[in-house]
$ cat input.cif   # mmCIF, C-alpha atoms
data_coords
loop_
_atom_site.group_PDB
_atom_site.id
_atom_site.type_symbol
_atom_site.label_atom_id
_atom_site.label_comp_id
_atom_site.auth_asym_id
_atom_site.auth_seq_id
_atom_site.Cartn_x
_atom_site.Cartn_y
_atom_site.Cartn_z
ATOM 1 C CA MET A 1 -15.079 45.906 -32.476
ATOM 2 C CA SER A 2 -13.785 44.441 -35.714
ATOM 3 C CA MET A 3 -14.390 40.825 -36.652
ATOM 4 C CA LEU A 4 -10.628 40.142 -36.396
ATOM 5 C CA LYS A 5 -10.523 41.430 -32.804
ATOM 6 C CA LYS A 6 -13.549 39.306 -31.891
ATOM 7 C CA VAL A 7 -11.914 36.196 -33.335
ATOM 8 C CA LEU A 8 -8.615 36.872 -31.540
ATOM 9 C CA GLY A 9 -10.447 37.572 -28.294
ATOM 10 C CA ALA A 10 -12.377 34.315 -28.554
ATOM 11 C CA ALA A 11 -9.150 32.415 -29.265
ATOM 12 C CA VAL A 12 -7.439 33.877 -26.208
ATOM 13 C CA LEU A 13 -10.397 32.969 -23.987
ATOM 14 C CA ALA A 14 -10.518 29.460 -25.412
ATOM 15 C CA GLY A 15 -6.789 29.032 -24.838
ATOM 16 C CA ALA A 16 -7.102 30.204 -21.247
ATOM 17 C CA ALA A 17 -9.963 27.799 -20.645
ATOM 18 C CA MET A 18 -7.930 24.953 -22.108
ATOM 19 C CA LEU A 19 -4.945 25.733 -19.865
ATOM 20 C CA SER A 20 -7.249 25.885 -16.865
ATOM 21 C CA THR A 21 -8.789 22.520 -17.691
ATOM 22 C CA THR A 22 -5.425 20.915 -18.342
ATOM 23 C CA GLY A 23 -4.065 22.212 -15.070
ATOM 24 C CA ALA A 24 -7.004 20.786 -13.166
ATOM 25 C CA ALA A 25 -6.716 17.415 -14.864
ATOM 26 C CA GLY A 26 -2.979 17.272 -14.311
ATOM 27 C CA ALA A 27 -3.140 18.316 -10.660
ATOM 28 C CA ALA A 28 -2.039 15.768 -8.081
ATOM 29 C CA THR A 29 -4.914 13.712 -6.708
ATOM 30 C CA GLY A 30 -4.954 12.270 -3.213
ATOM 31 C CA PRO A 31 -5.574 8.616 -2.348
ATOM 32 C CA ASP A 32 -8.989 7.050 -1.977
ATOM 33 C CA GLY A 33 -10.458 5.817 1.306
ATOM 34 C CA ALA A 34 -8.563 7.918 3.846
ATOM 35 C CA PRO A 35 -9.808 7.019 7.360
ATOM 36 C CA THR A 36 -12.264 9.423 8.926
ATOM 37 C CA ALA A 37 -12.498 10.310 12.615
ATOM 38 C CA ALA A 38 -15.204 7.653 12.956
ATOM 39 C CA ASP A 39 -12.917 5.104 11.265
ATOM 40 C CA THR A 40 -10.087 5.981 13.638
ATOM 41 C CA ALA A 41 -12.334 5.408 16.636
ATOM 42 C CA ALA A 42 -13.575 2.084 15.260
ATOM 43 C CA ILE A 43 -10.017 0.945 14.523
ATOM 44 C CA GLY A 44 -9.033 1.821 18.074
ATOM 45 C CA GLN A 45 -11.829 -0.304 19.469
ATOM 46 C CA VAL A 46 -11.149 -3.382 17.362
ATOM 47 C CA THR A 47 -7.344 -3.327 17.674
ATOM 48 C CA GLY A 48 -7.460 -2.661 21.416
ATOM 49 C CA GLY A 49 -10.290 -5.083 22.127
ATOM 50 C CA PRO A 50 -10.115 -8.431 23.972
ATOM 51 C CA ALA A 51 -10.120 -10.537 20.807
ATOM 52 C CA THR A 52 -7.071 -8.756 19.388
ATOM 53 C CA LEU A 53 -5.232 -8.818 22.709
ATOM 54 C CA GLY A 54 -5.914 -12.540 22.961
ATOM 55 C CA ARG A 55 -4.582 -13.048 19.464
ATOM 56 C CA LEU A 56 -1.439 -11.081 20.309
ATOM 57 C CA ALA A 57 -0.954 -13.067 23.507
ATOM 58 C CA SER A 58 -0.882 -16.333 21.570
ATOM 59 C CA THR A 59 1.122 -15.106 18.582
ATOM 60 C CA LYS A 60 4.671 -16.418 18.325
ATOM 61 C CA PHE A 61 6.882 -15.510 15.405
ATOM 62 C CA PRO A 62 9.309 -18.228 14.274
ATOM 63 C CA GLY A 63 12.781 -17.544 15.606
ATOM 64 C CA ALA A 64 11.658 -14.724 17.896
ATOM 65 C CA ARG A 65 13.574 -14.365 21.133
ATOM 66 C CA THR A 66 11.644 -13.871 24.339
ATOM 67 C CA ALA A 67 12.207 -10.428 25.818
ATOM 68 C CA ALA A 68 14.062 -10.227 29.122
ATOM 69 C CA ALA A 69 11.055 -8.756 30.904
ATOM 70 C CA VAL A 70 7.850 -10.038 29.357
ATOM 71 C CA THR A 71 4.747 -7.941 29.875
ATOM 72 C CA ALA A 72 1.178 -8.409 28.772
ATOM 73 C CA ALA A 73 0.367 -8.340 25.071
ATOM 74 C CA ALA A 74 -0.796 -4.915 23.972
ATOM 75 C CA ALA A 75 -1.670 -2.720 20.997
ATOM 76 C CA ASP A 76 -1.394 1.062 20.839
ATOM 77 C CA PRO A 77 -4.418 2.348 18.872
ATOM 78 C CA ARG A 78 -3.261 5.928 19.480
ATOM 79 C CA THR A 79 -0.761 5.351 16.680
ATOM 80 C CA GLN A 80 -2.472 4.447 13.414
ATOM 81 C CA VAL A 81 -0.669 4.353 10.078
ATOM 82 C CA ALA A 82 -2.748 4.342 6.910
ATOM 83 C CA VAL A 83 -1.138 2.229 4.188
ATOM 84 C CA TYR A 84 -2.193 2.751 0.580
ATOM 85 C CA GLU A 85 -1.587 0.609 -2.498
ATOM 86 C CA PRO A 86 -1.753 1.449 -6.244
ATOM 87 C CA THR A 87 -5.036 0.691 -7.992
ATOM 88 C CA ALA A 88 -5.532 -1.133 -11.268
ATOM 89 C CA ALA A 89 -7.423 1.888 -12.630
ATOM 90 C CA PHE A 90 -4.396 4.100 -11.996
ATOM 91 C CA VAL A 91 -2.032 1.624 -13.640
ATOM 92 C CA THR A 92 -4.178 1.448 -16.774
ATOM 93 C CA GLY A 93 -4.770 5.197 -16.919
ATOM 94 C CA LYS A 94 -8.500 4.967 -16.228
ATOM 95 C CA SER A 95 -8.202 7.036 -13.057
ATOM 96 C CA ASP A 96 -5.930 9.782 -11.745
ATOM 97 C CA VAL A 97 -6.412 8.534 -8.172
ATOM 98 C CA PRO A 98 -3.020 6.890 -7.576
ATOM 99 C CA ALA A 99 -3.870 4.655 -4.645
ATOM 100 C CA ALA A 100 -6.550 3.319 -2.335
ATOM 101 C CA LEU A 101 -6.428 2.468 1.347
ATOM 102 C CA ALA A 102 -5.230 -1.108 1.884
ATOM 103 C CA TYR A 103 -5.090 -1.339 5.680
ATOM 104 C CA VAL A 104 -4.334 0.626 8.826
ATOM 105 C CA ALA A 105 -1.322 -0.487 10.875
ATOM 106 C CA VAL A 106 -1.271 -0.277 14.675
ATOM 107 C CA PRO A 107 1.957 -0.988 16.629
ATOM 108 C CA ALA A 108 1.672 -3.815 19.125
ATOM 109 C CA ARG A 109 3.536 -6.297 21.305
ATOM 110 C CA THR A 110 2.964 -10.035 21.502
ATOM 111 C CA GLY A 111 2.789 -12.087 24.666
ATOM 112 C CA ASP A 112 6.481 -12.988 24.461
ATOM 113 C CA GLY A 113 7.516 -9.345 24.083
ATOM 114 C CA SER A 114 8.077 -9.357 20.317
ATOM 115 C CA THR A 115 7.432 -6.180 18.359
ATOM 116 C CA ALA A 116 4.405 -6.614 16.128
ATOM 117 C CA THR A 117 1.923 -4.702 14.000
ATOM 118 C CA VAL A 118 -1.818 -5.271 13.852
ATOM 119 C CA TRP A 119 -3.465 -4.732 10.468
ATOM 120 C CA ALA A 120 -7.043 -3.454 10.453
ATOM 121 C CA GLU A 121 -8.978 -3.547 7.213
ATOM 122 C CA ARG A 122 -12.287 -1.976 6.267
ATOM 123 C CA GLN A 123 -14.701 -4.746 5.326
ATOM 124 C CA GLY A 124 -18.029 -3.292 4.338
ATOM 125 C CA ALA A 125 -19.107 -0.918 7.074
ATOM 126 C CA ALA A 126 -16.952 -2.565 9.737
ATOM 127 C CA TRP A 127 -13.269 -2.698 10.600
ATOM 128 C CA ASN A 128 -11.654 -6.054 11.313
ATOM 129 C CA VAL A 129 -8.196 -7.264 12.287
ATOM 130 C CA VAL A 130 -6.886 -9.239 9.322
ATOM 131 C CA ASN A 131 -3.254 -9.800 10.218
ATOM 132 C CA VAL A 132 -0.649 -9.727 12.962
ATOM 133 C CA ALA A 133 2.757 -9.075 11.397
ATOM 134 C CA SER A 134 6.208 -9.001 12.927
ATOM 135 C CA GLY A 135 8.120 -5.744 13.328
ATOM 136 C CA ASP A 136 7.003 -2.134 13.113
ATOM 137 C CA TYR A 137 7.887 -1.347 9.506
ATOM 138 C CA GLU A 138 4.798 0.736 8.798
ATOM 139 C CA GLN A 139 5.453 3.050 11.720
ATOM 140 C CA LYS A 140 9.089 3.563 10.697
ATOM 141 C CA TYR A 141 8.183 4.187 7.072
ATOM 142 C CA ALA A 142 5.468 6.642 8.089
ATOM 143 C CA GLN A 143 8.015 8.595 10.118
ATOM 144 C CA ALA A 144 10.332 8.650 7.104
ATOM 145 C CA ALA A 145 7.477 9.815 4.863
ATOM 146 C CA GLY A 146 7.691 13.250 6.453
ATOM 147 C CA GLY A 147 4.055 14.183 6.174
ATOM 148 C CA GLY A 148 3.303 12.527 2.849
ATOM 149 C CA TYR A 149 1.001 9.534 2.691
ATOM 150 C CA LEU A 150 2.520 6.057 2.754
ATOM 151 C CA LEU A 151 2.303 4.058 -0.475
ATOM 152 C CA HIS A 152 3.194 0.359 -0.553
ATOM 153 C CA GLU A 153 3.775 -1.643 -3.709
ATOM 154 C CA PRO A 154 3.414 -5.162 -2.268
ATOM 155 C CA GLN A 155 4.485 -7.026 -5.387
ATOM 156 C CA VAL A 156 8.102 -5.924 -4.900
ATOM 157 C CA ASN A 157 7.808 -4.693 -1.295
ATOM 158 C CA ALA A 158 8.553 -1.105 -2.273
ATOM 159 C CA TRP A 159 7.605 1.794 -0.015
ATOM 160 C CA TYR A 160 7.097 5.393 -1.081
ATOM 161 C CA ALA A 161 6.143 8.726 0.431
ATOM 162 C CA VAL A 162 3.705 10.631 -1.763
ATOM 163 C CA ARG A 163 3.290 14.368 -1.337
ATOM 164 C CA GLY A 164 1.452 16.243 -4.043
ATOM 165 C CA ASP A 165 2.931 15.159 -7.370
ATOM 166 C CA ALA A 166 6.177 13.828 -5.847
ATOM 167 C CA VAL A 167 6.728 10.118 -5.185
ATOM 168 C CA THR A 168 9.829 9.530 -3.038
ATOM 169 C CA VAL A 169 11.468 6.112 -2.641
ATOM 170 C CA LEU A 170 11.945 5.224 1.033
ATOM 171 C CA ASP A 171 15.021 3.475 2.394
ATOM 172 C CA GLY A 172 14.778 -0.310 2.359
ATOM 173 C CA SER A 173 12.501 -0.508 -0.680
ATOM 174 C CA VAL A 174 13.133 -2.971 -3.490
ATOM 175 C CA THR A 175 12.730 -0.687 -6.495
ATOM 176 C CA GLY A 176 16.041 -0.513 -8.340
ATOM 177 C CA LEU A 177 16.138 3.161 -7.342
ATOM 178 C CA ALA A 178 18.177 4.671 -4.540
ATOM 179 C CA ALA A 179 16.454 5.771 -1.342
ATOM 180 C CA GLY A 180 15.402 9.369 -1.699
ATOM 181 C CA ALA A 181 14.930 9.147 -5.466
ATOM 182 C CA LYS A 182 11.934 11.163 -6.631
ATOM 183 C CA LEU A 183 9.467 10.522 -9.432
ATOM 184 C CA THR A 184 6.419 12.393 -10.590
ATOM 185 C CA LEU A 185 3.097 10.587 -10.364
ATOM 186 C CA ALA A 186 3.139 10.337 -14.168
ATOM 187 C CA ASP A 187 6.565 8.675 -14.113
ATOM 188 C CA TYR A 188 5.461 6.340 -11.354
ATOM 189 C CA ARG A 189 2.344 5.364 -13.292
ATOM 190 C CA ALA A 190 4.496 4.641 -16.362
ATOM 191 C CA ALA A 191 6.728 2.381 -14.260
ATOM 192 C CA LEU A 192 3.713 0.560 -12.804
ATOM 193 C CA HIS A 193 2.199 0.156 -16.259
ATOM 194 C CA GLN A 194 5.399 -1.389 -17.558
ATOM 195 C CA ARG A 195 5.585 -3.813 -14.634
ATOM 196 C CA TYR A 196 1.960 -4.865 -14.272
ATOM 197 C CA ALA A 197 -0.330 -3.781 -17.112
ATOM 198 C CA ASP A 198 -0.188 -7.194 -18.786
ATOM 199 C CA LYS A 199 -0.797 -9.077 -15.509
ATOM 200 C CA LEU A 200 -3.985 -7.457 -14.231
ATOM 201 C CA PRO A 201 -7.202 -9.432 -13.693
ATOM 202 C CA GLY A 202 -8.779 -10.115 -17.070
ATOM 203 C CA SER A 203 -5.457 -9.977 -18.932
ATOM 204 C CA ALA A 204 -4.192 -12.769 -21.179
ATOM 205 C CA TYR A 205 -1.671 -13.557 -18.436
ATOM 206 C CA ASP A 206 -4.546 -14.115 -16.054
ATOM 207 C CA ARG A 207 -6.822 -15.924 -18.527
ATOM 208 C CA ASP A 208 -4.046 -18.351 -19.442
ATOM 209 C CA GLY A 209 -3.681 -19.276 -15.804
ATOM 210 C CA ALA A 210 -0.052 -18.132 -15.667
ATOM 211 C CA GLY A 211 -0.743 -16.203 -12.491
ATOM 212 C CA GLY A 212 -2.828 -18.829 -10.756
ATOM 213 C CA GLY A 213 -6.074 -16.877 -10.899
ATOM 214 C CA TYR A 214 -7.271 -13.935 -8.887
ATOM 215 C CA GLY A 215 -9.797 -13.095 -6.233
ATOM 216 C CA GLY A 216 -10.117 -10.965 -3.121
ATOM 217 C CA ARG A 217 -7.297 -9.619 -0.993
ATOM 218 C CA GLU A 218 -5.278 -12.448 0.510
ATOM 219 C CA ARG A 219 -2.310 -12.725 2.846
ATOM 220 C CA ALA A 220 0.736 -14.841 2.288
ATOM 221 C CA VAL A 221 1.381 -17.576 4.813
ATOM 222 C CA PRO A 222 4.560 -17.469 6.939
ATOM 223 C CA VAL A 223 7.551 -19.174 5.359
ATOM 224 C CA ALA A 224 10.795 -20.521 6.754
ATOM 225 C CA ASP A 225 12.888 -19.089 3.937
ATOM 226 C CA PRO A 226 11.552 -16.482 1.462
ATOM 227 C CA GLU A 227 13.871 -17.771 -1.258
ATOM 228 C CA ASP A 228 11.909 -21.010 -1.323
ATOM 229 C CA VAL A 229 8.758 -19.207 -2.433
ATOM 230 C CA PRO A 230 8.843 -17.997 -6.061
ATOM 231 C CA VAL A 231 5.287 -16.688 -6.171
ATOM 232 C CA LEU A 232 3.779 -13.669 -4.408
ATOM 233 C CA PRO A 233 0.163 -12.500 -4.321
ATOM 234 C CA PHE A 234 -0.296 -9.598 -6.714
ATOM 235 C CA VAL A 235 -3.016 -7.271 -5.469
ATOM 236 C CA LEU A 236 -4.304 -4.270 -7.369
ATOM 237 C CA GLY A 237 -7.708 -2.751 -6.952
ATOM 238 C CA GLY A 238 -9.108 -5.803 -5.178
ATOM 239 C CA GLY A 239 -7.957 -8.266 -7.874
ATOM 240 C CA LEU A 240 -5.234 -10.799 -7.226
ATOM 241 C CA VAL A 241 -2.840 -12.397 -9.661
ATOM 242 C CA LEU A 242 0.140 -14.501 -8.567
ATOM 243 C CA VAL A 243 3.275 -13.114 -10.161
ATOM 244 C CA ALA A 244 6.057 -15.658 -10.580
ATOM 245 C CA GLY A 245 9.541 -14.406 -9.820
ATOM 246 C CA ALA A 246 8.383 -11.451 -7.721
ATOM 247 C CA VAL A 247 10.607 -10.350 -4.887
ATOM 248 C CA VAL A 248 9.175 -11.729 -1.657
ATOM 249 C CA VAL A 249 8.395 -9.600 1.381
ATOM 250 C CA PRO A 250 10.634 -9.589 4.480
ATOM 251 C CA ARG A 251 10.552 -12.751 6.538
ATOM 252 C CA LEU A 252 7.765 -12.981 9.113
ATOM 253 C CA ARG A 253 6.010 -9.877 7.820
ATOM 254 C CA ARG A 254 2.862 -11.726 6.769
ATOM 255 C CA ARG A 255 1.171 -14.170 9.086
#
$ encode --input "input.cif" --output "structure tokens"
Amino acid sequence: MSMLKKVLGAAVLAGAAMLSTTGAAGAATGPDGAPTAADTAAIGQVTGGPATLGRLASTKFPGARTAAAVTAAAADPRTQVAVYEPTAAFVTGKSDVPAALAYVAVPARTGDGSTATVWAERQGAAWNVVNVASGDYEQKYAQAAGGGYLLHEPQVNAWYAVRGDAVTVLDGSVTGLAAGAKLTLADYRAALHQRYADKLPGSAYDRDGAGGGYGGRERAVPVADPEDVPVLPFVLGGGLVLVAGAVVVPRLRRR
């Protein structure tokens, strides 16, 4: 074999290897922290346990109307919706993993018959109930996701269905995009980077105290009127920065 043929052959092999590597790096990556069968069982125990039922029995959402036929407070651990949120590493391009598990939502009913959702969060090796929210938004969004995983951008209360490399805006989201609009993961990362890259923990925005500091995951307190609250907890990858002017979440959703 001539030297020219050897060189051309080596170039073709190198090009093929490069395409293979690029394809692998560009392939869609799933979220981090998906619940296992053991997690599902543990979530069922904690959300259906006496402590949670007692909490549901005493929960009253402001303005809620008592149902005509009130029954005992209850949660349905058979239905569990995993909710994921974007990570700081994805926003900054340090990781191709687009999201990490934030909490698992379980539909429930309070003592006065109101529709509610119990949030279970993994804390170390255990699962704990961290919130009782009004409504059943997570369940409805999961149904609309059509098999993709549910991605929530809490800073603007946007909801997406992610399947492979496609990110689809779900109806009711505050994104500036119409429901059903599709983005690639790369486009979505670019949008996140534009919105939040300069507000992450450790940024000048954070160091200057403009965001009010950051820490672990926190929940907003209930408010009488969302328009009266100009600041919303900004959570990415476990860090929290308060973003002034952010669109607040639906009334009564966080308690």
$ residues_near_point --input "input.cif" --point "(-11.2, 0.3, 7.0)" --cutoff "9 Å" --atoms "all atoms listed in the file" --output "JSON list (two decimals) with C-alpha atoms, in the frame of the given file"
[["chain", "number", "residue", "atom", "x", "y", "z"],
["A", 33, "GLY", "CA", -10.46, 5.82, 1.31],
["A", 34, "ALA", "CA", -8.56, 7.92, 3.85],
["A", 35, "PRO", "CA", -9.81, 7.02, 7.36],
["A", 39, "ASP", "CA", -12.92, 5.10, 11.26],
["A", 40, "THR", "CA", -10.09, 5.98, 13.64],
["A", 42, "ALA", "CA", -13.58, 2.08, 15.26],
["A", 43, "ILE", "CA", -10.02, 0.94, 14.52],
["A", 101, "LEU", "CA", -6.43, 2.47, 1.35],
["A", 102, "ALA", "CA", -5.23, -1.11, 1.88],
["A", 103, "TYR", "CA", -5.09, -1.34, 5.68],
["A", 104, "VAL", "CA", -4.33, 0.63, 8.83],
["A", 120, "ALA", "CA", -7.04, -3.45, 10.45],
["A", 121, "GLU", "CA", -8.98, -3.55, 7.21],
["A", 122, "ARG", "CA", -12.29, -1.98, 6.27],
["A", 123, "GLN", "CA", -14.70, -4.75, 5.33],
["A", 124, "GLY", "CA", -18.03, -3.29, 4.34],
["A", 125, "ALA", "CA", -19.11, -0.92, 7.07],
["A", 126, "ALA", "CA", -16.95, -2.56, 9.74],
["A", 127, "TRP", "CA", -13.27, -2.70, 10.60],
["A", 128, "ASN", "CA", -11.65, -6.05, 11.31]]
$ atom_distance --input "input.cif" --atom1 "CA of Thr115 (chain A)" --atom2 "CA of Ala133 (chain A)"
8.9 Å
$ atom_distance --input "input.cif" --atom1 "CA of Gly135 (chain A)" --atom2 "CA of Val167 (chain A)"
24.4 Å
$ closest_residue --input "input.cif" --among "A:Ala105, A:Pro98, A:His152, A:Gly44" --to "Ser134 (chain A)" --atoms "all atoms listed in the file"
A:Ala105
$ resolve_selection --input "input.cif" --expression "the PyMOL selection byres ((chain A and resi 87) around 7)" --output "list in words"
Glu85, Pro86, Ala88, Ala89, Phe90, Val91, Pro98, Ala99, Ala100, Leu236 and Gly237 of chain A
$ resolve_selection --input "input.cif" --expression "the PyMOL selection byres ((chain A and resi 174) around 7)" --output "VMD selection string"
chain A and resid 156 to 158 172 to 173 175 to 176
$ resolve_selection --input "input.cif" --expression "the PyMOL selection byres ((chain A and resi 60) around 10)" --output "list in words"
Arg55, Leu56, Ala57, Ser58, Thr59, Phe61, Pro62, Gly63, Ala64, Arg65, Thr66, Thr110, Gly111, Asp112, Gly113, Ser114 and Ser134 of chain A
$ atom_distance --input "input.cif" --atom1 "CA of Ala74 (chain A)" --atom2 "CA of Asp136 (chain A)"
13.7 Å
$ residues_around --input "input.cif" --residues "Gly30 (chain A)" --least-positions-apart "6" --cutoff "10 Å" --atoms "all atoms listed in the file" --output "PyMOL selection string"
chain A and resi 96-100+149+162-165
$ closest_residue --input "input.cif" --among "A:Thr117, A:Gln139, A:Thr29, A:Thr184" --to "Thr52 (chain A)" --atoms "all atoms listed in the file"
A:Thr117
$ closest_residue --input "input.cif" --among "A:Glu138, A:Pro77, A:Ala179, A:Asp171" --to "Leu150 (chain A)" --atoms "all atoms listed in the file"
A:Glu138
$ decode --input "input.cif" --residues "region 159-185 of chain A" --atoms "N, CA and C atoms" --output "short mmCIF file (atom, residue, chain, number, x, y, z; two decimals), in the first residue's frame"
data_model
loop_
_atom_site.label_atom_id
_atom_site.label_comp_id
_atom_site.auth_asym_id
_atom_site.auth_seq_id
_atom_site.Cartn_x
_atom_site.Cartn_y
_atom_site.Cartn_z
N TRP A 159 -43.37 25.38 32.51
CA TRP A 159 -43.40 23.93 32.53
C TRP A 159 -43.13 23.40 31.13
N TYR A 160 -42.31 22.35 31.06
CA TYR A 160 -41.92 21.78 29.77
C TYR A 160 -42.00 20.25 29.84
N ALA A 161 -42.23 19.66 28.68
CA ALA A 161 -42.07 18.22 28.52
C ALA A 161 -40.79 17.99 27.75
N VAL A 162 -39.91 17.15 28.28
CA VAL A 162 -38.64 16.89 27.61
C VAL A 162 -38.62 15.44 27.16
N ARG A 163 -38.41 15.25 25.87
CA ARG A 163 -38.31 13.90 25.32
C ARG A 163 -37.15 13.89 24.35
N GLY A 164 -36.10 13.16 24.71
CA GLY A 164 -34.90 13.16 23.87
C GLY A 164 -34.30 14.55 23.83
N ASP A 165 -34.15 15.11 22.64
CA ASP A 165 -33.55 16.42 22.47
C ASP A 165 -34.61 17.52 22.32
N ALA A 166 -35.90 17.14 22.45
CA ALA A 166 -36.97 18.11 22.24
C ALA A 166 -37.53 18.62 23.57
N VAL A 167 -37.61 19.92 23.71
CA VAL A 167 -38.19 20.57 24.88
C VAL A 167 -39.47 21.27 24.42
N THR A 168 -40.62 20.81 24.91
CA THR A 168 -41.91 21.34 24.46
C THR A 168 -42.55 22.18 25.56
N VAL A 169 -42.97 23.39 25.23
CA VAL A 169 -43.63 24.27 26.18
C VAL A 169 -45.04 23.75 26.44
N LEU A 170 -45.41 23.62 27.70
CA LEU A 170 -46.74 23.14 28.06
C LEU A 170 -47.69 24.31 28.29
N ASP A 171 -48.96 24.08 28.06
CA ASP A 171 -49.98 25.12 28.17
C ASP A 171 -50.02 25.67 29.59
N GLY A 172 -50.10 26.98 29.72
CA GLY A 172 -50.16 27.61 31.02
C GLY A 172 -48.81 28.10 31.52
N SER A 173 -47.75 27.83 30.77
CA SER A 173 -46.41 28.27 31.19
C SER A 173 -46.19 29.74 30.86
N VAL A 174 -45.37 30.37 31.68
CA VAL A 174 -45.01 31.77 31.46
C VAL A 174 -43.63 31.79 30.81
N THR A 175 -43.59 31.73 29.49
CA THR A 175 -42.30 31.63 28.80
C THR A 175 -42.13 32.65 27.69
N GLY A 176 -43.23 33.27 27.24
CA GLY A 176 -43.15 34.13 26.07
C GLY A 176 -43.30 33.33 24.80
N LEU A 177 -43.39 32.00 24.92
CA LEU A 177 -43.59 31.12 23.78
C LEU A 177 -44.96 30.48 23.87
N ALA A 178 -45.54 30.19 22.73
CA ALA A 178 -46.87 29.58 22.70
C ALA A 178 -46.80 28.14 23.18
N ALA A 179 -47.89 27.66 23.77
CA ALA A 179 -47.96 26.26 24.18
C ALA A 179 -47.75 25.38 22.96
N GLY A 180 -46.94 24.36 23.13
CA GLY A 180 -46.64 23.47 22.02
C GLY A 180 -45.38 23.83 21.28
N ALA A 181 -44.82 25.01 21.56
CA ALA A 181 -43.57 25.41 20.90
C ALA A 181 -42.46 24.46 21.31
N LYS A 182 -41.60 24.14 20.37
CA LYS A 182 -40.51 23.19 20.64
C LYS A 182 -39.15 23.85 20.48
N LEU A 183 -38.24 23.48 21.39
CA LEU A 183 -36.86 23.92 21.32
C LEU A 183 -35.97 22.69 21.42
N THR A 184 -34.76 22.80 20.92
CA THR A 184 -33.78 21.76 21.19
C THR A 184 -33.20 22.03 22.57
N LEU A 185 -32.54 21.04 23.14
CA LEU A 185 -31.90 21.25 24.44
C LEU A 185 -30.85 22.36 24.36
#
